[in-house]
Number of protein chains: 2
Amino acid sequence: MNVTIKDIAKEANVSYSTVSKALNNSPLVKEGTKQKILKVANQMGYRPNLAAKQLVNKKTEVVGLIWPTIDRIVLATLVTNISKAFEATRYSMILSVDPIDIAKETFKKFQVDGMIVFAESGHIIPEDDIPLVAYGVEKKGNASYPIIDANHGQAMKQAVQYLYDLGHRQIAYVGHIDTADTLQLEKSEGYQKGMETLELSPVCMDTNGLDWVDGYTAIDGLASLSTQPTAIIGGSYDISAGILRALQERNIRVPEDISLISYDNIPKMETMEVPMTCIGVPVEVLAEEIVQAVIHRIESDQPSQSLILQPLLVERQSTAALK
Amino acid sequence: MNVTIKDIAKEANVSYSTVSKALNNSPLVKEGTKQKILKVANQMGYRPNLAAKQLVNKKTEVVGLIWPTIDRIVLATLVTNISKAFEATRYSMILSVDPIDIAKETFKKFQVDGMIVFAESGHIIPEDDIPLVAYGVEKKGNASYPIIDANHGQAMKQAVQYLYDLGHRQIAYVGHIDTADTLQLEKSEGYQKGMETLELSPVCMDTNGLDWVDGYTAIDGLASLSTQPTAIIGGSYDISAGILRALQERNIRVPEDISLISYDNIPKMETMEVPMTCIGVPVEVLAEEIVQAVIHRIESDQPSQSLILQPLLVERQSTAALK
DNA sequence: TTGTACGCGTTATCAA
DNA sequence: TTGATAACGCGTACAA
C-alpha cells in the first residue's frame, strides 16, 4: 500500500487538505507547517497518485511521442534529445513504436495532453481532439496542426557558400538523389540552387540509399568524374561516414586533399575519425523547439505556427581552405 | 467533455451501476438491457476513463519497457515485436529511452504494473516493489528478478554442427572477440567448444566491433589465413551483411565458394541479397517469452524462473553442402 | 491559517 | 436482475 496525503496528515497532525496545499506549494499555508509537512512526506516516501490527480485535473502532463519508423536510426538521437528536453519541463514523455493509428488510440486511452508525431514525408495525419505537433512532414494542403521542420534547402546553400568562401569551386554532392523522399529532394535541390547562384556547375553522385555502405560505395564513382572535386558535401551522417572511410582507403586525405562537410548537426560528428564540419539544425535545438511547440499547443488557445528552423554550420577539421 | 457511464445511464434509463456491469460483461445483468446499454455506449462514443479505473483497481494494465541504449539498433526489431506481442494481451506497453534510474521513476509515477529492462550485460538492476523482468543480462550473483535470455553458446555449437553435417571442416568465426561484452564472449566460446567437440581447429577473425563495416573489413584478413575456410559463421546480422558484401566484391560466391551462416534469427535475414541461413532464437519467440514472463510475474505470486531460450536454425540459400 | 465536504469516473458491495 | 452507495486519492470552494 502506498502512502497517501491522509497518512501524511495523520503523521503531521494536520488535516489532509492542508497537506494537499503544502505539497502544491500553496501560499494559503504557513511556512512552518509547510516545511514540516514536506519533511514528513519525504520521510514517508510519498509519491502522488497520478490517476487521482488526473481524475481531478483532467490533465496528465504527459506527452506521447509516436515513432513508427523505429528502424530509421537517424531519429534515435532526436528522440533521446527530446526526452532530455522534457526533463526540464513538468511534462513527461512516453514513446510508442506502433503505427500512427494504433499509437494514437493507446495515447488517447492514457489521455496524454499532447502528441508528437514523426511521420513519413508527405503523409497527413488525421487530427482529433488531442493537440498534435508533427516533425518533418511536408505541408500538403493545410494540415490543422503545426509542423516543425528544418530548412534543408537553406542548409545546403549555406554549405556551398562556406566551401566557396574557402576557395573551393569543384564542389560535389553525395546523397540520395533519385527518390520520392521529399526530405532528400530538398537537400539536393538546395545544393543545386546554391551552386547555380555562384555560377558553379553542380556534380551529384547518387548513393541510392541512406546507409553507411551507400556513401562508401558512391565514392567508387569518384575516379570516373571528368573533373575531380576539391570538396564534397555528404547528405547525412551515415553517408558522410561511409565517404570518409572510402576516401581514407584510397589515401585521399581529409581535409588536405578533399574537404568534406556533412549534413546533420549531431554530437557524433565531433568524434569521427576526422572531426567533421557539419551543417544543419543542431539536434538539441530541434528537440527543444519541438518540445516547446507541443507545450505551447497544449497550454495556449492561440493557434500554433508551423516552424522552419534555420541551420547552423559547425566548423571542424574535415574542411580547409583550398591551397 | 467526454461521455461517462452516467451519461449513458441517463440515455438508457438505467442506473449507472447497471451500465458499469453491462460494460464489464457481468452476468448480473439481463442480456436485453446489456445489449441496449452497449448500443447506446457505442453511439455516444464512450471511452472508459483509465484514471478512474486505475484509482479503483490499483492496476494500470500497462507495462513499461526501458531501453536506454537506443543507439544499438539490433534491439529495434525486438522492441517492435514485443510491442506487437502485447497487442494480443490486455496490457499496453510504453517505452522509455531514459537511463534506467530515471525511466524507473517515470514508470513508477505512471504506476505501471510491470517493467521490462534491456540492460548492458553484467549490470544488476536494483529492484523495488514493482515487478521487473530483464532481457539479456548476465546473472551475476542472484538477481531477485527473472532474466530472459537466448542460449548463445548453444546456438554457435549448433551452427558448427550444421556446417559439419554439410561436409565442411574449415569453419571460421567472424565476430567481436576481444571484448568484455559477455554476450559476444558466449558466442565465440560456443563456437570454439563446438569446434573442439568435432576435433576441428577453430579459426577466429576479430571484427573489433559490431557494425556492418566491422564485418566488411574483417574479410580483409581472409587472404592471409593459412588455410582458406569453406564456411564462415557471422557473429550478428550487421557483421554478416558486411561479410557478404566483402565476399561479393572479391568475386567469392555464396554459397558456391563459401557457405555463410549468421547469428540472429530475424526476418531481415530472408531479404538479404543472398537469403541468409541463420541461427538464433526467433525474435518473435523471444518477444513472446519476454511478454509472457512479465505478465506471469505481475499476475502470479509464484516466483518466476529465469529462462534460457533455445536457438532455431533456419536454412536458406547462403549455405550449401561442400562439393 | 486550517479544516470540512464534495466531486472527478469507475468498481464493488449490499440492499431492494 | 437492478439500483443506491461507499470507496479509491486528490484538489478546492467554502466554512471555521
# chains A, B, ... in the order shown; residues from 1 in each chain; ligands from 1
>>> select_by_dssp(residues="region 10-191 of chain B", states="helix (DSSP H, G or I)", output="ChimeraX atom specification")
/B:10-12,16-23,31-44,50-57,74-87,100-110,152-165,182-191
>>> calpha_fit_and_write(fixed="chain A", moving="chain B", output="tab-separated table (two decimals) with C-alpha atoms, in the first residue's frame")
chain	number	residue	atom	x	y	z
B	1	MET	CA	-0.02	0.04	0.21
B	2	ASN	CA	1.24	3.46	-0.70
B	3	VAL	CA	1.16	6.39	1.65
B	4	THR	CA	-1.53	8.98	0.90
B	5	ILE	CA	-2.12	12.54	2.01
B	6	LYS	CA	-4.52	11.20	4.61
B	7	ASP	CA	-1.76	9.17	6.21
B	8	ILE	CA	0.39	12.24	6.31
B	9	ALA	CA	-2.46	14.27	7.79
B	10	LYS	CA	-2.87	11.80	10.63
B	11	GLU	CA	0.84	11.74	11.31
B	12	ALA	CA	1.16	15.52	11.27
B	13	ASN	CA	-2.06	16.20	13.14
B	14	VAL	CA	-3.63	18.38	10.47
B	15	SER	CA	-6.48	17.84	8.05
B	16	TYR	CA	-5.68	16.27	4.72
B	17	SER	CA	-6.80	19.31	2.82
B	18	THR	CA	-4.08	21.24	4.58
B	19	VAL	CA	-1.61	18.59	3.53
B	20	SER	CA	-2.74	18.95	-0.05
B	21	LYS	CA	-2.17	22.69	0.09
B	22	ALA	CA	1.21	22.31	1.71
B	23	LEU	CA	2.36	19.82	-0.89
B	24	ASN	CA	1.25	22.14	-3.65
B	25	ASN	CA	3.14	24.96	-2.04
B	26	SER	CA	-0.02	27.00	-1.60
B	27	PRO	CA	0.34	30.42	0.08
B	28	LEU	CA	-2.77	29.60	2.08
B	29	VAL	CA	-0.83	27.62	4.64
B	30	LYS	CA	1.53	28.91	7.32
B	31	GLU	CA	5.20	28.41	6.63
B	32	GLY	CA	5.72	26.47	9.85
B	33	THR	CA	3.04	23.87	9.20
B	34	LYS	CA	4.11	23.66	5.59
B	35	GLN	CA	7.64	22.72	6.59
B	36	LYS	CA	6.41	20.22	9.13
B	37	ILE	CA	4.14	18.55	6.61
B	38	LEU	CA	6.83	18.44	3.96
B	39	LYS	CA	9.17	16.80	6.40
B	40	VAL	CA	6.65	14.17	7.45
B	41	ALA	CA	5.76	13.49	3.82
B	42	ASN	CA	9.39	12.99	3.03
B	43	GLN	CA	9.96	10.68	5.97
B	44	MET	CA	6.99	8.55	5.05
B	45	GLY	CA	8.16	8.32	1.45
B	46	TYR	CA	5.08	9.92	-0.01
B	47	ARG	CA	4.52	9.68	-3.76
B	48	PRO	CA	1.54	11.48	-5.25
B	49	ASN	CA	-0.94	9.26	-7.04
B	50	LEU	CA	-0.98	10.36	-10.64
B	51	ALA	CA	-4.33	8.75	-11.36
B	52	ALA	CA	-6.11	10.64	-8.63
B	53	LYS	CA	-4.51	13.90	-9.70
B	54	GLN	CA	-5.49	13.27	-13.25
B	55	LEU	CA	-9.05	12.48	-12.30
B	56	VAL	CA	-9.40	15.93	-10.79
B	57	ASN	CA	-7.20	17.95	-13.08
B	58	LYS	CA	-8.07	16.36	-16.38
B	59	LYS	CA	-4.41	16.68	-17.15
B	60	THR	CA	-1.74	14.03	-17.26
B	61	GLU	CA	1.26	16.23	-17.99
B	62	VAL	CA	2.42	13.54	-20.31
B	63	VAL	CA	3.29	13.86	-23.96
B	64	GLY	CA	3.34	10.88	-26.26
B	65	LEU	CA	5.92	10.56	-28.99
B	66	ILE	CA	4.97	8.38	-31.93
B	67	TRP	CA	7.95	6.91	-33.71
B	68	PRO	CA	6.74	4.27	-36.13
B	69	THR	CA	9.90	4.06	-38.21
B	70	ILE	CA	12.10	2.87	-35.40
B	71	ASP	CA	14.47	1.24	-37.85
B	72	ARG	CA	15.56	4.58	-39.28
B	73	ILE	CA	18.24	5.12	-36.71
B	74	VAL	CA	18.89	8.75	-37.65
B	75	LEU	CA	16.03	9.74	-35.43
B	76	ALA	CA	17.37	7.96	-32.36
B	77	THR	CA	19.55	10.92	-31.48
B	78	LEU	CA	16.60	13.24	-31.82
B	79	VAL	CA	14.43	11.04	-29.62
B	80	THR	CA	17.09	10.99	-26.94
B	81	ASN	CA	17.39	14.75	-27.07
B	82	ILE	CA	13.66	15.30	-26.93
B	83	SER	CA	13.49	13.03	-23.94
B	84	LYS	CA	16.20	15.10	-22.28
B	85	ALA	CA	14.49	18.36	-23.17
B	86	PHE	CA	11.34	17.22	-21.42
B	87	GLU	CA	13.24	16.72	-18.19
B	88	ALA	CA	13.45	20.46	-17.78
B	89	THR	CA	9.66	20.78	-18.04
B	90	ARG	CA	6.88	19.47	-15.87
B	91	TYR	CA	5.92	17.07	-18.62
B	92	SER	CA	7.04	13.50	-19.01
B	93	MET	CA	7.38	11.73	-22.30
B	94	ILE	CA	6.39	8.26	-23.31
B	95	LEU	CA	7.16	6.59	-26.56
B	96	SER	CA	5.32	4.30	-28.89
B	97	VAL	CA	6.81	2.48	-31.84
B	98	ASP	CA	3.45	1.31	-33.14
B	99	PRO	CA	1.92	2.48	-36.41
B	100	ILE	CA	0.45	5.97	-36.08
B	101	ASP	CA	-3.17	4.90	-35.75
B	102	ILE	CA	-2.55	2.31	-33.08
B	103	ALA	CA	-0.19	4.57	-31.18
B	104	LYS	CA	-2.77	7.34	-31.21
B	105	GLU	CA	-5.32	4.99	-29.69
B	106	THR	CA	-2.94	3.94	-26.94
B	107	PHE	CA	-2.07	7.52	-26.13
B	108	LYS	CA	-5.71	8.54	-26.09
B	109	LYS	CA	-6.30	5.80	-23.57
B	110	PHE	CA	-3.58	7.30	-21.42
B	111	GLN	CA	-5.13	10.68	-22.01
B	112	VAL	CA	-1.83	12.27	-22.83
B	113	ASP	CA	-1.98	16.03	-23.05
B	114	GLY	CA	-0.27	16.14	-26.40
B	115	MET	CA	1.50	14.14	-29.05
B	116	ILE	CA	4.57	14.46	-31.22
B	117	VAL	CA	4.56	12.51	-34.45
B	118	PHE	CA	7.48	11.49	-36.62
B	119	ALA	CA	5.86	10.62	-39.89
B	120	GLU	CA	7.01	9.85	-43.36
B	121	SER	CA	7.31	12.86	-45.57
B	122	GLY	CA	4.20	13.89	-47.40
B	123	HIS	CA	1.97	11.95	-45.05
B	124	ILE	CA	-0.90	13.82	-43.46
B	125	ILE	CA	-2.04	12.69	-40.04
B	126	PRO	CA	-5.72	12.82	-39.18
B	127	GLU	CA	-5.95	14.97	-36.10
B	128	ASP	CA	-8.57	14.67	-33.46
B	129	ASP	CA	-9.19	16.46	-30.22
B	130	ILE	CA	-5.75	16.02	-28.74
B	131	PRO	CA	-3.00	18.55	-29.54
B	132	LEU	CA	-0.51	17.27	-32.04
B	133	VAL	CA	2.77	18.48	-33.44
B	134	ALA	CA	4.52	16.83	-36.35
B	135	TYR	CA	8.18	16.71	-37.18
B	136	GLY	CA	9.53	16.81	-40.67
B	137	VAL	CA	6.34	16.30	-42.57
B	138	GLU	CA	5.84	18.20	-45.76
B	139	LYS	CA	2.97	20.62	-45.50
B	140	LYS	CA	0.59	19.38	-48.12
B	141	GLY	CA	-2.55	21.43	-48.28
B	142	ASN	CA	-3.27	22.79	-44.87
B	143	ALA	CA	-2.58	20.45	-42.04
B	144	SER	CA	-4.46	21.55	-38.94
B	145	TYR	CA	-1.44	21.00	-36.74
B	146	PRO	CA	1.90	22.77	-36.67
B	147	ILE	CA	4.86	21.18	-38.34
B	148	ILE	CA	8.40	21.66	-37.13
B	149	ASP	CA	11.11	21.13	-39.65
B	150	ALA	CA	14.61	22.13	-40.57
B	151	ASN	CA	15.36	24.25	-43.59
B	152	HIS	CA	17.24	21.65	-45.56
B	153	GLY	CA	17.52	23.66	-48.74
B	154	GLN	CA	19.01	26.63	-46.94
B	155	ALA	CA	21.50	24.35	-45.20
B	156	MET	CA	22.80	23.11	-48.52
B	157	LYS	CA	23.13	26.59	-49.96
B	158	GLN	CA	25.04	27.62	-46.89
B	159	ALA	CA	27.37	24.64	-47.22
B	160	VAL	CA	28.09	25.56	-50.82
B	161	GLN	CA	28.76	29.18	-49.91
B	162	TYR	CA	31.07	28.12	-47.10
B	163	LEU	CA	33.17	25.95	-49.39
B	164	TYR	CA	33.17	28.70	-52.00
B	165	ASP	CA	34.55	31.13	-49.46
B	166	LEU	CA	37.34	28.66	-48.76
B	167	GLY	CA	38.27	28.87	-52.41
B	168	HIS	CA	36.60	25.69	-53.65
B	169	ARG	CA	34.97	25.72	-57.08
B	170	GLN	CA	34.60	21.99	-57.85
B	171	ILE	CA	32.03	21.03	-55.25
B	172	ALA	CA	30.24	17.69	-55.51
B	173	TYR	CA	27.13	16.52	-53.70
B	174	VAL	CA	26.88	12.90	-52.61
B	175	GLY	CA	23.44	11.91	-51.48
B	176	HIS	CA	20.23	10.11	-52.32
B	177	ILE	CA	18.95	11.94	-55.38
B	178	ASP	CA	16.65	9.75	-57.38
B	179	THR	CA	13.94	9.30	-54.77
B	180	ALA	CA	10.43	10.34	-53.87
B	181	ASP	CA	11.57	11.29	-50.38
B	182	THR	CA	10.95	15.03	-50.24
B	183	LEU	CA	13.51	15.54	-47.52
B	184	GLN	CA	16.26	14.21	-49.77
B	185	LEU	CA	14.94	16.21	-52.71
B	186	GLU	CA	15.04	19.43	-50.73
B	187	LYS	CA	18.68	18.80	-50.00
B	188	SER	CA	19.79	18.07	-53.53
B	189	GLU	CA	17.76	20.96	-54.90
B	190	GLY	CA	19.22	23.30	-52.31
B	191	TYR	CA	22.67	22.22	-53.39
B	192	GLN	CA	21.90	22.83	-57.05
B	193	LYS	CA	20.42	26.25	-56.41
B	194	GLY	CA	23.39	27.18	-54.29
B	195	MET	CA	25.76	26.18	-57.06
B	196	GLU	CA	23.80	28.03	-59.72
B	197	THR	CA	23.73	31.20	-57.67
B	198	LEU	CA	27.52	31.14	-57.61
B	199	GLU	CA	27.62	30.19	-61.29
B	200	LEU	CA	29.23	26.85	-60.58
B	201	SER	CA	28.21	23.64	-62.30
B	202	PRO	CA	26.70	21.10	-59.93
B	203	VAL	CA	28.04	17.55	-59.78
B	204	CYS	CA	25.75	15.03	-58.10
B	205	MET	CA	26.69	11.50	-57.15
B	206	ASP	CA	23.67	9.39	-56.32
B	207	THR	CA	23.99	7.02	-53.39
B	208	ASN	CA	20.70	5.25	-54.09
B	209	GLY	CA	20.20	4.93	-50.38
B	210	LEU	CA	20.90	6.41	-47.00
B	211	ASP	CA	23.14	3.88	-45.35
B	212	TRP	CA	26.82	3.89	-44.62
B	213	VAL	CA	27.47	1.51	-47.45
B	214	ASP	CA	25.67	3.79	-49.91
B	215	GLY	CA	28.08	6.63	-49.23
B	216	TYR	CA	30.95	4.21	-49.28
B	217	THR	CA	30.17	2.75	-52.68
B	218	ALA	CA	29.18	6.07	-54.25
B	219	ILE	CA	32.84	7.05	-54.10
B	220	ASP	CA	33.54	4.28	-56.62
B	221	GLY	CA	32.22	6.74	-59.18
B	222	LEU	CA	34.72	9.40	-58.21
B	223	ALA	CA	37.44	8.35	-60.63
B	224	SER	CA	35.16	8.50	-63.63
B	225	LEU	CA	34.19	12.13	-63.08
B	226	SER	CA	35.53	14.45	-65.78
B	227	THR	CA	36.79	16.99	-63.25
B	228	GLN	CA	37.83	15.95	-59.78
B	229	PRO	CA	36.04	17.78	-56.96
B	230	THR	CA	38.10	19.58	-54.36
B	231	ALA	CA	35.22	19.43	-51.92
B	232	ILE	CA	32.34	17.08	-51.22
B	233	ILE	CA	29.07	17.64	-49.44
B	234	GLY	CA	27.72	14.48	-47.84
B	235	GLY	CA	23.95	14.16	-47.60
B	236	SER	CA	23.76	12.70	-44.10
B	237	TYR	CA	25.83	11.40	-41.22
B	238	ASP	CA	25.84	7.81	-42.37
B	239	ILE	CA	26.60	8.70	-45.96
B	240	SER	CA	29.46	10.98	-44.96
B	241	ALA	CA	30.93	8.33	-42.71
B	242	GLY	CA	30.95	5.96	-45.68
B	243	ILE	CA	32.49	8.63	-47.90
B	244	LEU	CA	35.23	9.36	-45.40
B	245	ARG	CA	36.16	5.73	-45.15
B	246	ALA	CA	36.18	5.25	-48.90
B	247	LEU	CA	38.42	8.28	-49.36
B	248	GLN	CA	40.84	7.08	-46.73
B	249	GLU	CA	41.10	3.67	-48.35
B	250	ARG	CA	42.09	5.42	-51.58
B	251	ASN	CA	44.72	7.43	-49.70
B	252	ILE	CA	42.85	10.62	-50.44
B	253	ARG	CA	43.47	12.78	-47.39
B	254	VAL	CA	40.72	14.79	-45.72
B	255	PRO	CA	40.96	17.77	-45.71
B	256	GLU	CA	44.33	18.09	-47.46
B	257	ASP	CA	43.21	16.55	-50.75
B	258	ILE	CA	39.46	16.88	-50.47
B	259	SER	CA	37.34	18.88	-48.06
B	260	LEU	CA	34.30	17.07	-46.71
B	261	ILE	CA	31.28	18.65	-45.08
B	262	SER	CA	28.27	16.71	-43.93
B	263	TYR	CA	24.62	17.39	-43.47
B	264	ASP	CA	23.21	16.63	-39.98
B	265	ASN	CA	24.35	18.56	-36.95
B	266	ILE	CA	24.76	15.92	-34.26
B	267	PRO	CA	27.39	15.35	-31.58
B	268	LYS	CA	28.69	12.19	-33.25
B	269	MET	CA	30.24	14.41	-35.96
B	270	GLU	CA	32.77	15.55	-33.41
B	271	THR	CA	34.12	12.10	-32.69
B	272	MET	CA	34.59	10.78	-36.20
B	273	GLU	CA	38.02	9.68	-37.36
B	274	VAL	CA	38.39	13.13	-38.85
B	275	PRO	CA	36.19	15.48	-36.82
B	276	MET	CA	33.58	16.50	-39.34
B	277	THR	CA	32.54	19.99	-40.35
B	278	CYS	CA	28.80	19.87	-40.59
B	279	ILE	CA	25.70	21.89	-41.39
B	280	GLY	CA	22.17	21.53	-40.08
B	281	VAL	CA	19.94	22.47	-37.22
B	282	PRO	CA	21.72	21.31	-34.06
B	283	VAL	CA	19.80	18.34	-32.77
B	284	GLU	CA	19.50	19.88	-29.29
B	285	VAL	CA	17.89	22.96	-30.81
B	286	LEU	CA	15.55	20.85	-32.87
B	287	ALA	CA	14.55	18.86	-29.81
B	288	GLU	CA	14.01	21.97	-27.74
B	289	GLU	CA	11.84	23.60	-30.39
B	290	ILE	CA	9.72	20.51	-30.81
B	291	VAL	CA	9.18	20.27	-27.07
B	292	GLN	CA	8.31	23.94	-26.78
B	293	ALA	CA	5.91	23.60	-29.69
B	294	VAL	CA	3.86	20.81	-28.12
B	295	ILE	CA	3.78	22.50	-24.77
B	296	HIS	CA	2.66	25.75	-26.36
B	297	ARG	CA	0.02	23.91	-28.29
B	298	ILE	CA	-1.21	22.28	-25.10
B	299	GLU	CA	-1.22	25.32	-22.88
B	300	SER	CA	-2.21	28.15	-25.19
B	301	ASP	CA	-5.44	28.63	-27.10
B	302	GLN	CA	-3.71	30.58	-29.80
B	303	PRO	CA	-3.04	28.49	-32.87
B	304	SER	CA	0.57	27.41	-33.08
B	305	GLN	CA	2.64	28.26	-36.08
B	306	SER	CA	4.59	25.82	-38.14
B	307	LEU	CA	8.27	26.43	-37.81
B	308	ILE	CA	11.17	26.13	-40.21
B	309	LEU	CA	14.42	26.14	-38.30
B	310	GLN	CA	17.58	27.64	-39.71
B	311	PRO	CA	20.76	25.58	-39.99
B	312	LEU	CA	24.04	26.21	-38.25
B	313	LEU	CA	27.47	25.46	-39.65
B	314	VAL	CA	29.99	23.95	-37.28
B	315	GLU	CA	33.55	24.07	-38.56
B	316	ARG	CA	35.84	21.19	-37.72
B	317	GLN	CA	38.81	19.47	-39.28
B	318	SER	CA	37.36	17.89	-42.38
B	319	THR	CA	37.39	21.13	-44.35
B	320	ALA	CA	40.21	23.48	-45.27
B	321	ALA	CA	40.93	26.37	-47.60
B	322	LEU	CA	41.92	25.38	-51.11
B	323	LYS	CA	45.67	25.62	-51.56
>>> select_by_dssp(residues="region 6-211 of chain A", states="strand (DSSP E)", output="count of residues only")
32
>>> interface_residues(of="chain C", to="chain B", cutoff="8 Å", atoms="only C-alpha atoms (C1' of nucleotides)", output="list in words")
DG9, DT10 and DT11 of chain C
>>> write_last_selection(atoms="C-alpha atoms (C1' of nucleotides)", output="short mmCIF file (atom, residue, chain, number, x, y, z; two decimals), in the first residue's frame")
data_model
loop_
_atom_site.label_atom_id
_atom_site.label_comp_id
_atom_site.auth_asym_id
_atom_site.auth_seq_id
_atom_site.Cartn_x
_atom_site.Cartn_y
_atom_site.Cartn_z
"C1'" DG C 9 -15.34 8.33 -13.20
"C1'" DT C 10 -15.12 3.95 -12.02
"C1'" DT C 11 -15.78 -0.68 -9.50
#
>>> residues_around(residues="DA15 (chain C)", least_positions_apart="4", cutoff="12 Å", atoms="only C-alpha atoms (C1' of nucleotides)", output="number ranges by chain")
D: 2-5
>>> atom_distance(atom1="C1' of DA12 (chain C)", atom2="C1' of DC8 (chain D)")
11.3 Å
>>> atom_distance(atom1="C1' of DA15 (chain D)", atom2="C1' of DC6 (chain C)")
13.1 Å
>>> closest_atom_pairs(of="chain D", to="chain A", cutoff="10 Å", atoms="only C-alpha atoms (C1' of nucleotides)", output="JSON lines")
{"residue": "D:DC8", "atom": "C1'", "partner": "A:Ala52", "partner_atom": "CA", "distance": 8.1}
{"residue": "D:DG9", "atom": "C1'", "partner": "A:Ala52", "partner_atom": "CA", "distance": 5.0}
{"residue": "D:DC10", "atom": "C1'", "partner": "A:Ala52", "partner_atom": "CA", "distance": 5.3}
{"residue": "D:DG11", "atom": "C1'", "partner": "A:Val56", "partner_atom": "CA", "distance": 6.5}
{"residue": "D:DT12", "atom": "C1'", "partner": "A:Ser17", "partner_atom": "CA", "distance": 8.8}
>>> write_last_selection(atoms="C-alpha atoms (C1' of nucleotides)", output="short mmCIF file (atom, residue, chain, number, x, y, z; two decimals), in the first residue's frame")
data_model
loop_
_atom_site.label_atom_id
_atom_site.label_comp_id
_atom_site.auth_asym_id
_atom_site.auth_seq_id
_atom_site.Cartn_x
_atom_site.Cartn_y
_atom_site.Cartn_z
"C1'" DC D 8 -10.16 4.90 -4.50
"C1'" DG D 9 -6.51 9.67 -3.78
"C1'" DC D 10 -6.56 14.14 -4.76
"C1'" DG D 11 -7.83 19.32 -5.42
"C1'" DT D 12 -10.58 23.06 -4.00
#
